[in-house]
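Heads up, run-v4.txt below (compact mmCIF, C-alpha atoms and all ligand atoms):
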# COMPACT_ATOMS: atom_id res chain seq x y z
CA MET Z 53 -111.25 31.44 -1.00
CA ALA Z 54 -107.81 31.60 -2.52
CA LEU Z 55 -106.64 34.73 -0.73
CA ARG Z 56 -104.95 34.46 2.63
CA ALA Z 57 -104.07 37.57 4.60
CA ARG Z 58 -100.63 36.20 5.40
CA ALA Z 59 -99.94 35.21 1.83
CA ALA Z 60 -100.01 38.73 0.45
CA PRO Z 61 -98.88 39.05 -3.15
CA VAL Z 62 -95.35 39.76 -2.02
CA GLY Z 63 -92.92 37.71 -0.04
CA LEU Z 64 -92.99 39.54 3.27
CA PRO Z 65 -91.96 37.74 6.41
CA ALA Z 66 -95.24 36.46 7.74
CA SER Z 67 -94.52 38.14 11.08
CA GLN Z 68 -95.65 41.34 9.43
CA TRP Z 69 -99.04 39.90 8.65
CA GLY Z 70 -99.92 38.87 12.14
CA ARG Z 71 -103.65 38.46 12.39
CA GLY Z 72 -106.04 35.58 12.67
CA GLY Z 73 -108.28 34.23 15.35
CA VAL Z 74 -110.58 37.22 14.83
CA PRO Z 75 -114.35 36.99 14.76
CA GLU Z 76 -115.90 35.58 11.60
CA GLN Z 77 -117.33 38.86 10.28
CA GLU Z 78 -114.02 40.59 10.70
CA ASN Z 79 -112.30 37.76 8.89
CA LEU Z 80 -114.74 37.96 6.03
CA MET Z 81 -114.37 41.72 5.75
CA ARG Z 82 -110.59 41.44 5.71
CA ARG Z 83 -110.67 38.73 3.09
CA LEU Z 84 -112.89 40.75 0.79
CA LEU Z 85 -110.77 43.87 1.12
CA LEU Z 86 -107.52 42.03 0.65
CA GLU Z 87 -108.90 40.19 -2.32
CA GLY Z 88 -109.82 43.51 -3.87
CA MET Z 89 -106.27 44.76 -3.36
CA ASN Z 90 -104.80 41.65 -4.90
CA ARG Z 91 -107.07 41.92 -7.90
CA TYR Z 92 -106.17 45.58 -8.36
CA ALA Z 93 -102.49 44.72 -8.09
CA ARG Z 94 -102.80 42.10 -10.81
CA ILE Z 95 -104.65 44.47 -13.15
CA SER Z 96 -102.47 47.52 -12.49
CA GLY Z 97 -99.14 45.70 -12.51
CA ARG Z 98 -98.03 47.65 -9.41
CA ASP Z 99 -94.78 46.56 -7.84
CA SER Z 100 -94.63 44.46 -4.71
CA ILE Z 101 -93.61 47.24 -2.32
CA TRP Z 102 -96.47 49.46 -3.41
CA VAL Z 103 -98.96 46.62 -3.10
CA SER Z 104 -97.66 45.63 0.34
CA ALA Z 105 -97.95 49.18 1.62
CA ALA Z 106 -101.44 49.53 0.20
CA VAL Z 107 -102.57 46.24 1.73
CA ALA Z 108 -101.13 47.30 5.09
CA ARG Z 109 -103.02 50.60 4.88
CA VAL Z 110 -106.26 48.78 4.15
CA GLU Z 111 -105.66 46.37 7.00
CA ARG Z 112 -104.98 49.21 9.42
CA ARG Z 113 -108.15 50.94 8.34
CA VAL Z 114 -110.15 47.75 8.82
CA ASP Z 115 -108.69 47.44 12.30
CA GLU Z 116 -109.67 50.97 13.17
CA MET Z 117 -113.17 50.50 11.81
CA LEU Z 118 -113.87 47.16 13.34
CA GLY Z 119 -112.07 47.04 16.60
CA GLY Z 120 -109.78 49.96 17.30
CA ALA Z 121 -112.43 52.18 18.84
CA ALA Z 122 -113.88 49.37 20.91
CA GLU Z 123 -110.41 48.37 22.09
CA ARG Z 124 -109.53 51.93 23.01
CA ALA Z 125 -112.72 52.23 25.02
CA LEU Z 126 -112.21 48.88 26.72
CA THR Z 127 -108.62 49.57 27.76
CA TYR Z 128 -109.13 53.23 28.69
CA ARG Z 129 -109.44 52.72 32.44
CA MET Z 130 -106.60 50.23 32.62
CA ARG Z 131 -104.29 52.41 30.53
CA ARG Z 132 -104.92 55.43 32.70
CA ARG Z 133 -103.13 53.67 35.53
CA LEU Z 134 -100.04 52.86 33.46
CA PRO Z 135 -97.03 55.18 33.43
CA PRO Z 136 -96.79 57.61 30.50
CA ILE Z 137 -94.24 57.11 27.74
CA ILE Z 138 -90.87 58.59 28.70
CA ASP Z 139 -89.41 60.65 25.88
CA ALA Z 140 -85.66 60.05 25.86
CA ALA Z 141 -85.20 61.58 22.42
CA SER Z 142 -86.91 64.95 22.51
CA GLY Z 143 -85.10 67.31 20.23
CA ALA Z 144 -83.11 64.56 18.53
CA PRO Z 145 -83.21 64.89 14.75
CA LEU Z 146 -85.31 62.24 12.99
CA SER Z 147 -83.48 59.96 10.59
CA GLU Z 148 -85.08 58.31 7.57
CA THR Z 149 -85.41 55.18 9.73
CA ASP Z 150 -87.27 57.11 12.46
CA ARG Z 151 -89.58 58.65 9.93
CA TYR Z 152 -90.26 55.33 8.26
CA TRP Z 153 -91.13 53.52 11.48
CA ARG Z 154 -93.24 56.36 12.80
CA LYS Z 155 -95.34 56.00 9.64
CA HIS Z 156 -95.28 52.22 9.20
CA THR Z 157 -96.17 51.02 12.66
CA VAL Z 158 -96.30 47.26 12.84
CA ARG Z 159 -99.89 46.80 13.88
CA GLY Z 160 -100.88 43.76 15.85
CA ARG Z 161 -104.55 43.01 15.73
CA THR Z 162 -107.29 44.47 17.84
CA PHE Z 163 -107.68 42.93 21.28
CA LEU Z 164 -111.07 43.01 22.88
CA SER Z 165 -110.13 40.77 25.81
CA ARG Z 166 -107.11 39.51 27.71
CA GLN Z 167 -107.81 36.07 26.26
CA ALA Z 168 -107.63 37.41 22.69
CA SER Z 169 -104.25 38.89 23.53
CA LEU Z 170 -103.07 35.61 25.05
CA ASP Z 171 -104.21 33.68 21.98
CA TYR Z 172 -102.16 35.97 19.77
CA ILE Z 173 -99.07 35.54 21.95
CA ALA Z 174 -99.44 31.77 21.48
CA GLU Z 175 -99.91 32.15 17.74
CA LEU Z 176 -96.84 34.36 17.33
CA THR Z 177 -94.63 32.05 19.36
CA ASP Z 178 -95.84 28.53 18.60
CA GLY Z 179 -96.69 29.38 15.00
CA ARG Z 180 -92.97 29.96 14.33
CA PRO Z 181 -91.06 26.71 14.73
CA LEU Z 182 -88.20 26.96 17.26
CA LYS Z 183 -88.91 30.61 18.14
CA ARG Z 184 -89.94 29.79 21.70
CA GLU Z 185 -86.90 27.54 22.22
CA LEU Z 186 -84.22 29.80 20.72
CA LEU Z 187 -85.48 32.89 22.49
CA ARG Z 188 -86.51 31.14 25.70
CA LEU Z 189 -89.80 32.97 25.48
CA HIS Z 190 -91.07 34.37 27.88
CA GLY Z 191 -88.69 33.62 30.66
CA PRO Z 192 -88.86 32.90 33.56
CA HIS Z 193 -87.21 36.12 34.75
CA GLU Z 194 -88.57 36.03 38.29
CA GLY Z 195 -88.12 39.39 40.07
CA LYS Z 196 -85.83 40.71 37.29
CA CYS Z 197 -85.70 43.83 35.15
CA ILE Z 198 -86.09 43.03 31.46
CA LEU Z 199 -86.05 45.29 28.44
CA ASP Z 200 -87.59 44.76 25.01
CA PHE Z 201 -85.68 46.94 22.55
CA GLY Z 202 -87.84 47.80 19.54
CA CYS Z 203 -90.92 46.42 21.27
CA GLY Z 204 -93.30 47.48 18.46
CA PRO Z 205 -96.96 47.12 19.43
CA GLY Z 206 -96.02 45.05 22.46
CA ASN Z 207 -96.48 41.42 21.47
CA ASP Z 208 -93.59 40.27 23.63
CA LEU Z 209 -94.12 42.90 26.31
CA ALA Z 210 -97.54 41.34 26.80
CA GLY Z 211 -95.96 37.88 26.99
CA PHE Z 212 -93.31 39.05 29.45
CA ALA Z 213 -95.88 40.84 31.60
CA GLU Z 214 -98.03 37.73 31.69
CA PHE Z 215 -95.54 34.88 31.99
CA SER Z 216 -92.04 36.00 32.98
CA GLY Z 217 -92.57 36.96 36.62
CA ALA Z 218 -90.32 40.00 35.99
CA ALA Z 219 -90.46 42.84 38.51
CA LEU Z 220 -90.09 45.41 35.74
CA VAL Z 221 -90.69 45.13 31.99
CA ILE Z 222 -89.44 48.03 29.86
CA GLY Z 223 -90.54 48.62 26.27
CA VAL Z 224 -88.35 50.82 24.06
CA ASP Z 225 -89.08 51.97 20.51
CA VAL Z 226 -88.54 54.85 18.10
CA SER Z 227 -92.22 54.99 17.19
CA PRO Z 228 -94.59 56.86 19.53
CA LYS Z 229 -97.54 55.12 17.89
CA ALA Z 230 -96.04 51.66 18.46
CA LEU Z 231 -95.41 52.55 22.10
CA ASP Z 232 -98.98 53.73 22.45
CA LEU Z 233 -100.26 50.45 21.02
CA ALA Z 234 -97.89 48.57 23.33
CA ARG Z 235 -99.23 50.45 26.34
CA ARG Z 236 -102.76 49.58 25.32
CA ARG Z 237 -101.83 45.96 24.78
CA VAL Z 238 -99.92 45.54 28.03
CA SER Z 239 -102.82 47.04 29.97
CA TRP Z 240 -104.61 43.69 29.52
CA HIS Z 241 -101.81 41.96 31.39
CA VAL Z 242 -100.56 44.04 34.32
CA ARG Z 243 -102.33 44.89 37.51
CA ASP Z 244 -99.44 46.74 39.14
CA PRO Z 245 -98.50 49.77 36.98
CA ARG Z 246 -95.05 49.88 38.60
CA ARG Z 247 -94.19 46.72 36.68
CA VAL Z 248 -93.97 48.44 33.27
CA ALA Z 249 -92.23 51.38 31.61
CA PHE Z 250 -92.22 52.70 28.05
CA ILE Z 251 -89.40 54.75 26.55
CA ARG Z 252 -89.12 56.48 23.20
CA ILE Z 253 -85.66 56.83 21.73
CA ALA Z 254 -84.47 57.81 18.25
CA ASP Z 255 -82.42 55.96 15.68
CA GLY Z 256 -79.54 58.39 16.35
CA GLN Z 257 -80.17 58.73 20.11
CA VAL Z 258 -80.01 55.31 21.73
CA ARG Z 259 -78.92 56.33 25.22
CA LEU Z 260 -81.62 55.24 27.68
CA PRO Z 261 -82.37 57.01 30.96
CA LEU Z 262 -81.34 53.93 32.97
CA GLU Z 263 -78.41 53.30 35.30
CA ASN Z 264 -75.31 51.34 34.29
CA ALA Z 265 -75.67 47.58 34.98
CA SER Z 266 -79.34 47.88 35.94
CA VAL Z 267 -80.95 45.40 33.52
CA ASP Z 268 -81.04 41.60 33.85
CA TYR Z 269 -82.10 40.66 30.35
CA ILE Z 270 -82.55 42.38 26.99
CA GLN Z 271 -84.50 41.07 24.04
CA SER Z 272 -84.61 42.67 20.62
CA LEU Z 273 -86.52 40.96 17.83
CA GLY Z 274 -86.42 42.17 14.27
CA VAL Z 275 -85.01 45.60 15.12
CA ILE Z 276 -81.22 46.02 14.97
CA HIS Z 277 -81.02 45.13 11.27
CA HIS Z 278 -83.08 48.31 10.68
CA ALA Z 279 -80.86 50.62 12.73
CA SER Z 280 -78.38 53.15 11.31
CA ASP Z 281 -75.79 52.34 13.97
CA PRO Z 282 -76.07 48.77 15.34
CA THR Z 283 -72.78 49.11 17.23
CA ALA Z 284 -74.11 52.08 19.22
CA ILE Z 285 -77.13 49.97 20.24
CA LEU Z 286 -74.99 47.01 21.31
CA ARG Z 287 -72.70 49.34 23.26
CA GLU Z 288 -75.77 50.66 25.09
CA PHE Z 289 -76.90 47.07 25.78
CA HIS Z 290 -73.48 46.40 27.29
CA ARG Z 291 -73.72 49.48 29.51
CA LEU Z 292 -77.19 48.51 30.73
CA LEU Z 293 -76.70 44.80 31.39
CA LYS Z 294 -75.46 43.45 34.70
CA PRO Z 295 -72.21 41.46 34.55
CA GLY Z 296 -72.97 37.89 33.48
CA ALA Z 297 -76.36 38.90 32.03
CA GLU Z 298 -77.31 38.38 28.39
CA ALA Z 299 -79.21 39.87 25.48
CA ARG Z 300 -80.95 37.75 22.84
CA ILE Z 301 -81.39 39.45 19.51
CA MET Z 302 -83.08 38.30 16.34
CA VAL Z 303 -81.94 39.62 12.97
CA TYR Z 304 -82.71 38.47 9.45
CA ASN Z 305 -80.69 35.44 8.45
CA ALA Z 306 -79.02 35.59 5.01
CA ASP Z 307 -78.37 31.85 5.08
CA SER Z 308 -81.98 30.88 5.60
CA VAL Z 309 -84.49 28.90 3.62
CA HIS Z 310 -86.61 32.02 3.19
CA VAL Z 311 -83.82 34.15 1.69
CA GLN Z 312 -81.99 31.53 -0.37
CA LEU Z 313 -84.84 29.26 -1.46
CA GLU Z 314 -88.07 31.30 -1.36
CA VAL Z 315 -86.69 34.70 -2.39
CA GLY Z 316 -83.52 33.50 -4.12
CA TYR Z 317 -85.10 30.74 -6.14
CA ILE Z 318 -88.91 30.96 -6.23
CA TRP Z 319 -89.27 34.74 -6.52
CA ARG Z 320 -86.24 35.45 -8.64
CA LEU Z 321 -85.77 32.45 -10.86
CA VAL Z 322 -89.24 30.89 -11.00
CA ASN Z 323 -91.37 34.07 -10.87
CA GLY Z 324 -88.77 36.29 -12.55
CA ALA Z 325 -89.00 39.11 -9.98
CA MET Z 326 -85.82 41.09 -9.17
CA LYS Z 327 -83.68 38.73 -11.23
CA ASP Z 328 -80.88 41.28 -11.33
CA LYS Z 329 -80.53 41.31 -7.55
CA SER Z 330 -78.84 38.75 -5.32
CA PRO Z 331 -81.17 36.78 -3.01
CA GLU Z 332 -79.98 38.93 -0.09
CA ALA Z 333 -80.52 42.22 -1.94
CA ALA Z 334 -83.95 41.12 -3.21
CA PHE Z 335 -84.97 40.26 0.35
CA SER Z 336 -83.64 43.52 1.81
CA ALA Z 337 -85.37 45.61 -0.84
CA THR Z 338 -88.80 44.22 0.03
CA ALA Z 339 -88.58 43.35 3.73
CA ASP Z 340 -90.87 45.23 6.10
CA LEU Z 341 -92.79 46.91 3.30
CA GLY Z 342 -89.64 48.58 1.99
CA ALA Z 343 -87.96 49.85 5.18
CA PRO Z 344 -84.98 52.11 4.39
CA ILE Z 345 -82.57 49.71 6.13
CA ALA Z 346 -83.27 45.96 6.38
CA HIS Z 347 -80.05 43.97 6.34
CA CYS Z 348 -79.96 40.22 6.19
CA LEU Z 349 -76.86 38.93 7.87
CA ARG Z 350 -74.43 36.13 8.64
CA PRO Z 351 -72.65 35.53 11.95
CA ALA Z 352 -69.51 37.32 10.70
CA ASP Z 353 -71.58 40.47 10.00
CA VAL Z 354 -73.02 40.47 13.51
CA ALA Z 355 -69.55 39.87 14.97
CA GLY Z 356 -68.44 42.94 12.97
CA TRP Z 357 -71.03 45.06 14.83
CA LEU Z 358 -69.29 44.21 18.10
CA GLU Z 359 -66.23 46.26 17.29
CA GLY Z 360 -64.90 47.28 20.72
CA VAL Z 361 -68.00 46.02 22.58
CA PRO Z 362 -66.78 43.16 24.81
CA PHE Z 363 -69.72 40.77 24.51
CA ASP Z 364 -69.28 37.03 23.97
CA LEU Z 365 -71.32 36.19 20.88
CA GLU Z 366 -73.08 32.92 20.12
CA TYR Z 367 -75.16 32.16 17.03
CA LEU Z 368 -77.99 29.72 17.80
CA GLY Z 369 -79.50 29.40 14.32
CA GLY Z 370 -82.73 30.80 12.95
CA PHE Z 371 -86.33 30.07 13.85
CA PHE Z 372 -88.79 29.69 10.99
CA VAL Z 373 -91.50 32.09 9.85
CA PRO Z 374 -94.85 30.50 8.94
CA GLY Z 375 -94.65 28.45 5.76
CA GLU Z 376 -90.86 28.78 5.50
CA ALA Z 377 -90.13 25.13 6.12
CA SER Z 378 -93.14 23.56 4.44
CA GLY Z 379 -92.22 21.50 1.38
CA TRP Z 380 -88.60 22.65 1.66
CA GLN Z 381 -87.05 19.40 0.42
CA GLU Z 382 -89.12 19.33 -2.74
CA LYS Z 383 -88.40 23.00 -3.51
CA ARG Z 384 -84.73 22.54 -2.69
CA ASP Z 385 -84.43 19.56 -5.07
CA ARG Z 386 -86.12 21.54 -7.81
CA ALA Z 387 -83.77 24.48 -7.22
CA LEU Z 388 -80.67 22.28 -7.27
CA ALA Z 389 -81.69 20.94 -10.67
CA ASP Z 390 -81.74 24.49 -12.04
CA SER Z 391 -78.51 25.58 -13.71
CA ARG Z 392 -79.24 29.30 -13.08
CA LEU Z 393 -78.54 28.95 -9.35
CA GLY Z 394 -75.63 31.06 -8.07
CA ASP Z 395 -72.64 29.38 -6.42
CA HIS Z 396 -73.40 30.43 -2.87
CA GLN Z 397 -77.07 29.59 -3.20
CA ARG Z 398 -76.21 26.18 -4.58
CA SER Z 399 -73.75 25.32 -1.84
CA PHE Z 400 -76.16 26.55 0.89
CA LEU Z 401 -79.08 24.54 -0.51
CA ALA Z 402 -76.96 21.43 -1.12
CA GLY Z 403 -75.75 21.64 2.49
CA LEU Z 404 -79.23 21.60 4.06
CA GLU Z 405 -79.88 18.60 6.27
CA ILE Z 406 -82.99 17.32 7.98
CA GLY Z 407 -82.86 18.37 11.61
CA ALA Z 408 -85.18 18.32 14.62
CA GLN Z 409 -88.88 18.01 13.74
CA GLY Z 410 -87.95 17.49 10.05
CA LEU Z 411 -86.84 21.14 9.83
CA PRO Z 412 -83.99 22.25 7.53
CA TYR Z 413 -80.65 22.71 9.31
CA HIS Z 414 -77.42 24.18 7.99
CA ARG Z 415 -74.08 23.33 9.61
CA GLY Z 416 -75.96 21.87 12.55
CA LYS Z 417 -78.16 24.94 13.17
CA PRO Z 418 -81.76 25.58 12.18
CA ALA Z 419 -81.83 27.58 8.94
CA GLY Z 420 -84.85 29.85 9.50
CA LEU Z 421 -85.16 33.55 8.74
CA GLY Z 422 -85.11 34.63 12.40
CA ALA Z 423 -81.41 34.34 13.31
CA VAL Z 424 -80.98 34.38 17.08
CA TYR Z 425 -77.75 35.53 18.73
CA VAL Z 426 -76.87 35.49 22.42
CA LEU Z 427 -74.70 38.37 23.61
CA SER Z 428 -73.26 37.63 27.04
CA LYS Z 429 -71.69 40.32 29.17
CA ARG Z 430 -68.56 38.92 30.72
CA SER Z 431 -68.42 38.83 34.48
CA GLY Z 432 -65.07 39.12 36.24
CA TRP Z 433 -61.66 39.59 34.72
CA ARG Z 434 -60.19 37.71 31.82
CA LEU Z 435 -56.71 37.47 30.45
CA ALA Z 436 -56.38 39.02 27.04
CA PRO Z 437 -56.27 36.27 24.38
C1 LIG Q 501 -90.44 44.58 12.72
S1 LIG Q 501 -90.83 45.50 14.12
C2 LIG Q 501 -90.56 44.35 15.44
C3 LIG Q 501 -91.40 44.64 16.64
C4 LIG Q 501 -91.27 43.65 17.80
N1 LIG Q 501 -89.92 43.53 18.28
C5 LIG Q 501 -91.80 42.28 17.39
O1 LIG Q 501 -91.04 41.32 17.29
O2 LIG Q 501 -93.02 42.19 17.19
C6 LIG Q 501 -89.47 46.60 14.27
C7 LIG Q 501 -89.65 47.60 15.40
O3 LIG Q 501 -88.39 48.23 15.64
C8 LIG Q 501 -88.59 49.62 15.78
N2 LIG Q 501 -87.32 50.24 15.35
C9 LIG Q 501 -86.85 50.42 14.10
N3 LIG Q 501 -85.63 50.99 14.14
C10 LIG Q 501 -85.32 51.15 15.44
C11 LIG Q 501 -84.18 51.68 16.13
N4 LIG Q 501 -83.14 52.17 15.46
N5 LIG Q 501 -84.20 51.69 17.47
C12 LIG Q 501 -85.27 51.19 18.15
N6 LIG Q 501 -86.37 50.69 17.56
C13 LIG Q 501 -86.39 50.68 16.22
C14 LIG Q 501 -89.78 49.94 14.90
O4 LIG Q 501 -90.45 51.11 15.29
C15 LIG Q 501 -90.64 48.70 15.09
O5 LIG Q 501 -91.55 48.86 16.15

Turn this file's structure into structure tokens for me.
Amino acid sequence: MALRARAAPVGLPASQWGRGGVPEQENLMRRLLLEGMNRYARISGRDSIWVSAAVARVERRVDEMLGGAAERALTYRMRRRLPPIIDAASGAPLSETDRYWRKHTVRGRTFLSRQASLDYIAELTDGRPLKRELLRLHGPHEGKCILDFGCGPGNDLAGFAEFSGAALVIGVDVSPKALDLARRRVSWHVRDPRRVAFIRIADGQVRLPLENASVDYIQSLGVIHHASDPTAILREFHRLLKPGAEARIMVYNADSVHVQLEVGYIWRLVNGAMKDKSPEAAFSATADLGAPIAHCLRPADVAGWLEGVPFDLEYLGGFFVPGEASGWQEKRDRALADSRLGDHQRSFLAGLEIGAQGLPYHRGKPAGLGAVYVLSKRSGWRLAP
């Protein structure tokens, strides 16, 4: 069958289409429904954001019908033991970002066993070349306190709970529904309820009810590029981390194969979609089903967020979303032969080299969509430069 759930008729990062490994009947049902949506999209000429949102709605419904109820029943007893979600944002006004993410919860799949959850952790990490390495997933963080900022439905919380050896794993998000899903998910992986905590914040209220210098490690994947005030978040990370500790964040990478080659060339110039936008603007307009804010960035942009926040910043390069690196040389050569290419796009594509595992590198760093930065909190005193 031609249709693949992850190859929806729009160029979303495949992380948003995380499914697979589900029972055969469920797979078949999904395929039929998604095929129907694709067919309708072709006939109706709907735009990509509308189609993406509609497909996501159908997928969510399928989840509820096929597995949600069973999963809820299966995890009920385990969840009852887990701590409730702490509301650190009650009364805070909701921004457009809050409202968007409360409505568009990133749904993982339905998990009817701990093994199914483990399989999905493996798929989400090993299915994205260099993700495990750049993020050092999932530890070890033996006996430590770690925090996943923007934890979504808990994919990494589950991994941390299972593999990191952390004494405490904290999930933070603006979406109550995501936190509820995360709680359900994590319940497959923790026996001691004192090992986890869940906190709701708001886009405009990022202060967490945690002591200064109380956290050993912070991870935040695919979150800060959606926030109204990234500097406020990084300032809060700095307050929370112990001296010498680090945060690893992933934000969308403007100089990536996905943005410059797939969106910038294939979508815009080959398929003729969003021709009037730059590759970066075309990506941002469609990322995450049309989230109100979805920046794609370069190291200088992230350094700009650090205004007055004394972290040391290191850019490690970007890991690759599924399919991003396949056939990249052939597509790149085709793009370079096209006179319509913009100057920046041309120089980025011409500068790609073959790196580890045959993956595309740029200036010595992997050029995937998931740009990983290490923010290290300085320990001790330093002379001003
Ligand atoms: C694309 S998902 C990533 C989820 C998870 N980190 C992962 O990698 O699977 C983005 C998540 O960030 C949350 N989010 C968006 N804006 C946020 C903000 N300003 N502060 C905290 N979380 C936010 C959303 O609710 C959503 O769960």

- Query: Which neighbours of Tyr152 of chain Z fall inside 12 Å, counting only C-alpha atoms, when residues of the same chain fewer than 2 positions from it are skipped, and could you give them as an MDAnalysis selection string?
  - Reply: chainID Z and resid 105 146:150 154:158 226:227 254:255 278:279 340:346

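Atom CA of Asp307 of chain Z to atom CA of Ser428 of chain Z spans 23.3 Å [interatomic distance, one decimal].
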
- Top pick for closest residue to ligand LIG 501 (chain Q), considering Z:Ala249, Z:Leu84, Z:Met302, Z:Leu189 and counting only C-alpha atoms and all ligand atoms: Z:Met302

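In this comparison, which uses all atoms listed in the file, the residue of Z:Val224, Z:Leu321, Z:Val303, Z:Ile138 approaching ligand LIG 501 (chain Q) most closely is Z:Val224.
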
- Task: Please provide the set of residues having any atom within 10 Å of Gly179 of chain Z, restricted to only C-alpha atoms, with same-chain residues fewer than 3 positions apart removed, written as a PyMOL selection string.
- Result: chain Z and resi 67+172-176+182-184+372-375

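Among the candidate residues Z:Ser378, Z:Ser431, Z:Gln312, Z:Ser330, the one lying nearest to Pro362 of chain Z is Z:Ser431, with distances computed using only C-alpha atoms.
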
- Item | Nearby residues (all atoms listed in the file) at most 9 Å from Arg259 of chain Z, same-chain spacing under 2 positions excluded, as a PyMOL selection string | chain Z and resi 140-141+253+257+261-262+284-285+288

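Here atom O3 of ligand LIG 501 (chain Q) is placed at a distance of 10.0 Å from atom CA of Asp200 of chain Z.
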
- Query: If you measure from atom CA of Arg350 of chain Z to atom CA of Arg188 of chain Z, what distance in Å do you get, rounded to one decimal?
  - Reply: 21.5 Å

- Query: Need the neighbours of (-75.3, 48.3, 24.2): which residues are at most 12 Å away, counting all atoms listed in the file, as an MDAnalysis selection string?
  - Reply: chainID Z and resid 199 201 258:260 264:265 267 269:272 276 281:294 298:299 301 357:363 427:429
